[in-house]
Amino acid sequence: MHPRSGIAPSFVSPLAGSLLFACCLLPGMAFGSWATNGNQAAIAPNNQVNSQTISDGSGGLFVVWQDFRSDSADIYAQRFDMGGTRLWGSGGVAVCTVGNHQESPVLCGNGSGGIIVAWQDRRTGTYDIYAQALNGSGTLLWTPATGVPLCTAIGNQILEVITPDGAGGAIVAWRDTHLLLNGDIYAQRVNASGVPQWTPDGVAVCTAPGQQTDVRILTDGVGGAFVVWRDARNGSFDNDIYAQSLDSGGNPRWALDGVPVAAVVQDQVEPTIASDGKFGLLVTWQDTRNGIDSDIFVQRIKPDGTPRWPANGVQLCDQDSTQVHPLVATDGIAGAIVAWTDSRNGSRYPDVFAQRVDSTGALGWVGNGIAVCTADSGQFALTIVPDKSGGVVVGWDDERGAATDEDIYAQGLTLAGAIRWSPNGVRIATSAGTRHLTSSAADGFGGSIFAWEDYRSGSANVYAFRLSPVGTGVEPSSPAAAPRFLTPHPNPFNPHTTIEFTLDAPSRFRLAIHDVQGRLVRVLAEGSAPAGSRSVAWDGSRSDGTPCASGAYFAVLSLPSGNRSTTLRLIR
């Protein structure tokens, strides 16, 4: 008898109980969606900060962060599918939780559906550089599980950046104080198996006098990397921008300690970089050469390290005010689109402006740049990503809601400089409390993904959101791809079954198997598909090839327009 109701319970078989539990769980697991104001990456106590994100190549995203759920800072990761469902559990996957602090993670794709994560690690009392790889299911791939050391030299190594090497590994660059207090730049390549490939503790990119900071890195498309940085070799009040190219063996292609991108009077700082699509490099920076205020300049560098445009760069704006924090993206035809924070309307409430430079270095848009956002209060440009049509999506922190809060907005710009969405941008997150945009990336299908630190609960949490190509949290409504499952056959099965589904319109999709607790078992297929029917086979095994036990499983078909699921029964 039920202890309070007096109702005699009916018998429920273990399988039926599992199915009942799964049905209660499944709506949150299989029918996830991008919520207004974003989806939380991990349900965990204390602060999660310093998040970085990249596309997973299937309309979803990977995100990593520094996590304080324990007594010290650790590194965690999460994957969202295209519909906003957390795939690596409610708390994310622990990348490294060894003693003392692990901080400032960065990530890149490994070319096989997973990621490589690097971080600065204080397990020995000073900061070193470590890395780890995860597959698409969130399984750690490298040994030891606490991470592969890339540099454990004396002194501190301060991690800056990472880029894929094009062969399943990565190239990582950092600021290094193991020789002098000045701080130099070193880099290391790690292969797909987690084995460092260059000189132990890394190769020297620049050991010139003075500080080298603001390091940026980008794959060169042929196994090496471009590295760009702020350089004080001419004095701490005369910073310049320098660059170097490393081949796949870690050898410098250009002059020792790099070539100058901009080396004129006063300061050139805060470089950002992008590929020009022709095996060269686009570099933009903040520049005070006029001795009065900051302006924005840009340069295009050939593969041999020489400039394509006028020496020391093309000025994008000569407005009598301060322009700072530039961001650059390719326009798809060897030119650049640059966005920045602009005080022409008053230094107390800066705005966001942008300008395009064509492949020859000529300004593509009128005047001193177009206004991306000039709403009341301050806007601070923080991210830029290219779309699939030669334009860009710009993201920023926005104070228009309240003087003490910051929200996140974004705007799309066409190649011609036209505003694509609502004037002054579309809202990404405007809930109670404040937040800070940390990263964004193109999702590969015309949309954009964002990650940020969010204080709506009082502590810092990591949130993410996907913005569709039309500037909303959902896909364009026409045409809508409506998923329809056909009956799996055979079902029950042992050990093979075929899952069929139909799309009413072309769409991105992801077909995955989950267990009755909602845990990911295996991704069977993902990518883009035309309208029509598809068949995908499953052999009853997990992603690592081990056989699944008898029981109930769910095939979950995820599309931007929604998810559908069907039940499978494996009988061995």
# chains A, B, ... in the order shown; residues from 1 in each chain; ligands from 1
>>> closest_atom_pairs(of="stretch 345-414 of chain A", to="stretch 445-448 of chain A", cutoff="12 Å", atoms="only C-alpha atoms", output="JSON lines")
{"residue": "A:Thr383", "atom": "CA", "partner": "A:Ser448", "partner_atom": "CA", "distance": 10.7}
{"residue": "A:Ile384", "atom": "CA", "partner": "A:Ser448", "partner_atom": "CA", "distance": 9.6}
{"residue": "A:Val385", "atom": "CA", "partner": "A:Ser448", "partner_atom": "CA", "distance": 7.4}
{"residue": "A:Pro386", "atom": "CA", "partner": "A:Gly446", "partner_atom": "CA", "distance": 8.5}
{"residue": "A:Asp387", "atom": "CA", "partner": "A:Gly446", "partner_atom": "CA", "distance": 5.3}
{"residue": "A:Lys388", "atom": "CA", "partner": "A:Gly446", "partner_atom": "CA", "distance": 5.2}
{"residue": "A:Ser389", "atom": "CA", "partner": "A:Gly446", "partner_atom": "CA", "distance": 8.1}
{"residue": "A:Gly390", "atom": "CA", "partner": "A:Gly446", "partner_atom": "CA", "distance": 10.5}
{"residue": "A:Gly391", "atom": "CA", "partner": "A:Gly446", "partner_atom": "CA", "distance": 10.1}
{"residue": "A:Val392", "atom": "CA", "partner": "A:Ser448", "partner_atom": "CA", "distance": 9.6}
{"residue": "A:Val393", "atom": "CA", "partner": "A:Ser448", "partner_atom": "CA", "distance": 7.4}
{"residue": "A:Val394", "atom": "CA", "partner": "A:Ser448", "partner_atom": "CA", "distance": 9.6}
{"residue": "A:Gly395", "atom": "CA", "partner": "A:Ser448", "partner_atom": "CA", "distance": 9.8}
{"residue": "A:Ala410", "atom": "CA", "partner": "A:Ser448", "partner_atom": "CA", "distance": 9.7}
{"residue": "A:Gln411", "atom": "CA", "partner": "A:Ser448", "partner_atom": "CA", "distance": 10.7}
{"residue": "A:Gly412", "atom": "CA", "partner": "A:Ser448", "partner_atom": "CA", "distance": 10.0}
>>> select_by_dssp(residues="stretch 418-565 of chain A", states="strand (DSSP E)", output="number ranges by chain")
A: 426-429, 435-442, 448-454, 461-467, 483-485, 497-503, 507-515, 520-529, 532-538, 551-559, 562-565
>>> atom_distance(atom1="atom CA of A:Gly166", atom2="atom CA of A:Val106")
17.0 Å
>>> closest_residue(among="A:Gln78, A:Gln132, A:Thr85, A:Ser431", to="A:Ser33", atoms="only C-alpha atoms")
A:Thr85
>>> atom_distance(atom1="atom CA of A:Thr213", atom2="atom CA of A:Ile241")
9.9 Å
>>> residues_around(residues="A:Gly280", least_positions_apart="5", cutoff="7 Å", atoms="only C-alpha atoms", output="ChimeraX atom specification")
/A:275,301-303
>>> write_last_selection(atoms="C-alpha atoms", output="compact mmCIF listing (two decimals), in the first residue's frame")
# COMPACT_ATOMS: atom_id res chain seq x y z
CA SER A 275 42.99 35.20 -42.98
CA ILE A 301 50.40 40.81 -45.31
CA LYS A 302 51.59 38.58 -48.15
CA PRO A 303 52.68 34.97 -47.46
>>> residues_around(residues="stretch 487-501 of chain A", least_positions_apart="3", cutoff="9 Å", atoms="only C-alpha atoms", output="VMD selection string")
chain A and resid 483 to 484 532 to 541 547 555 557 566 to 572
>>> residues_around(residues="A:Ala208", least_positions_apart="4", cutoff="8 Å", atoms="only C-alpha atoms", output="JSON, numbers by chain")
{"A": [184, 233, 257]}
>>> atom_distance(atom1="atom CA of A:Tyr242", atom2="atom CA of A:Leu159")
18.4 Å
>>> residues_around(residues="A:Asp276", least_positions_apart="4", cutoff="8 Å", atoms="only C-alpha atoms", output="CSV table (one decimal) with N, CA and C atoms, in the first residue's frame")
chain,number,residue,atom,x,y,z
A,280,GLY,N,47.4,34.6,-47.0
A,280,GLY,CA,48.0,35.8,-46.4
A,280,GLY,C,47.2,36.2,-45.1
A,281,LEU,N,47.5,37.4,-44.6
A,281,LEU,CA,47.0,37.8,-43.3
A,281,LEU,C,46.5,39.2,-43.3
A,282,LEU,N,45.4,39.4,-42.6
A,282,LEU,CA,44.8,40.7,-42.3
A,282,LEU,C,45.1,41.0,-40.9
A,300,ARG,N,47.3,44.3,-44.9
A,300,ARG,CA,47.3,43.0,-45.5
A,300,ARG,C,48.7,42.5,-45.7
A,330,THR,N,37.5,38.6,-42.6
A,330,THR,CA,37.6,38.6,-44.0
A,330,THR,C,36.2,38.9,-44.6
A,332,GLY,N,35.7,37.7,-47.6
A,332,GLY,CA,35.5,36.6,-48.5
A,332,GLY,C,36.2,36.8,-49.9
A,333,ILE,N,36.6,38.0,-50.2
A,333,ILE,CA,37.2,38.3,-51.5
A,333,ILE,C,38.5,39.1,-51.3
A,334,ALA,N,39.3,38.7,-50.2
A,334,ALA,CA,40.6,39.2,-49.9
A,334,ALA,C,40.7,40.6,-49.4
A,335,GLY,N,39.5,41.1,-49.0
A,335,GLY,CA,39.4,42.3,-48.3
A,335,GLY,C,39.1,42.1,-46.8
A,336,ALA,N,38.9,43.2,-46.1
A,336,ALA,CA,38.7,43.1,-44.6
A,336,ALA,C,37.5,44.0,-44.2
>>> residues_around(residues="stretch 95-104 of chain A", least_positions_apart="5", cutoff="10 Å", atoms="only C-alpha atoms", output="PyMOL selection string")
chain A and resi 49-52+64-68+70-78+117-134+138-140+145-147+158-161
>>> write_last_selection(atoms="C-alpha atoms", output="mmCIF file, in the first residue's frame")
data_model
loop_
_atom_site.group_PDB
_atom_site.id
_atom_site.type_symbol
_atom_site.label_atom_id
_atom_site.label_comp_id
_atom_site.auth_asym_id
_atom_site.auth_seq_id
_atom_site.Cartn_x
_atom_site.Cartn_y
_atom_site.Cartn_z
ATOM 1 C CA VAL A 49 34.519 32.426 -16.194
ATOM 2 C CA ASN A 50 36.885 32.984 -19.135
ATOM 3 C CA SER A 51 34.740 31.069 -21.633
ATOM 4 C CA GLN A 52 35.757 30.492 -25.246
ATOM 5 C CA VAL A 64 35.376 25.738 -22.537
ATOM 6 C CA TRP A 65 35.798 27.726 -19.359
ATOM 7 C CA GLN A 66 37.617 28.172 -16.048
ATOM 8 C CA ASP A 67 35.489 26.642 -13.280
ATOM 9 C CA PHE A 68 35.493 27.270 -9.503
ATOM 10 C CA SER A 70 35.810 23.092 -6.278
ATOM 11 C CA ASP A 71 38.340 24.924 -4.095
ATOM 12 C CA SER A 72 40.600 25.795 -7.035
ATOM 13 C CA ALA A 73 40.136 26.742 -10.669
ATOM 14 C CA ASP A 74 39.665 23.830 -13.078
ATOM 15 C CA ILE A 75 38.956 23.500 -16.797
ATOM 16 C CA TYR A 76 35.562 22.254 -18.011
ATOM 17 C CA ALA A 77 33.927 21.912 -21.424
ATOM 18 C CA GLN A 78 30.457 21.525 -22.898
ATOM 19 C CA VAL A 117 42.003 22.526 -25.277
ATOM 20 C CA ALA A 118 45.075 24.292 -23.879
ATOM 21 C CA TRP A 119 45.437 26.209 -20.631
ATOM 22 C CA GLN A 120 47.959 27.748 -18.225
ATOM 23 C CA ASP A 121 48.507 25.481 -15.240
ATOM 24 C CA ARG A 122 49.867 26.248 -11.782
ATOM 25 C CA ARG A 123 50.138 22.703 -10.419
ATOM 26 C CA THR A 124 53.875 23.178 -9.753
ATOM 27 C CA GLY A 125 53.607 26.654 -8.223
ATOM 28 C CA THR A 126 54.417 28.570 -11.405
ATOM 29 C CA TYR A 127 52.424 28.708 -14.622
ATOM 30 C CA ASP A 128 53.082 26.089 -17.305
ATOM 31 C CA ILE A 129 51.239 25.212 -20.514
ATOM 32 C CA TYR A 130 49.172 22.012 -20.781
ATOM 33 C CA ALA A 131 46.744 20.606 -23.346
ATOM 34 C CA GLN A 132 44.141 17.854 -23.754
ATOM 35 C CA ALA A 133 41.953 16.562 -26.588
ATOM 36 C CA LEU A 134 38.307 15.477 -26.431
ATOM 37 C CA GLY A 138 33.377 14.467 -24.563
ATOM 38 C CA THR A 139 35.843 11.633 -23.896
ATOM 39 C CA LEU A 140 39.409 12.648 -23.009
ATOM 40 C CA ALA A 145 44.345 12.413 -18.184
ATOM 41 C CA THR A 146 45.631 15.458 -16.298
ATOM 42 C CA GLY A 147 46.889 16.924 -19.577
ATOM 43 C CA ILE A 158 51.089 32.849 -19.805
ATOM 44 C CA LEU A 159 48.860 31.204 -22.378
ATOM 45 C CA GLU A 160 47.536 33.370 -25.168
ATOM 46 C CA VAL A 161 46.257 31.504 -28.245
#
>>> closest_residue(among="A:Val328, A:Val228, A:Leu256, A:Ala451", to="A:Thr284", atoms="only C-alpha atoms")
A:Val328
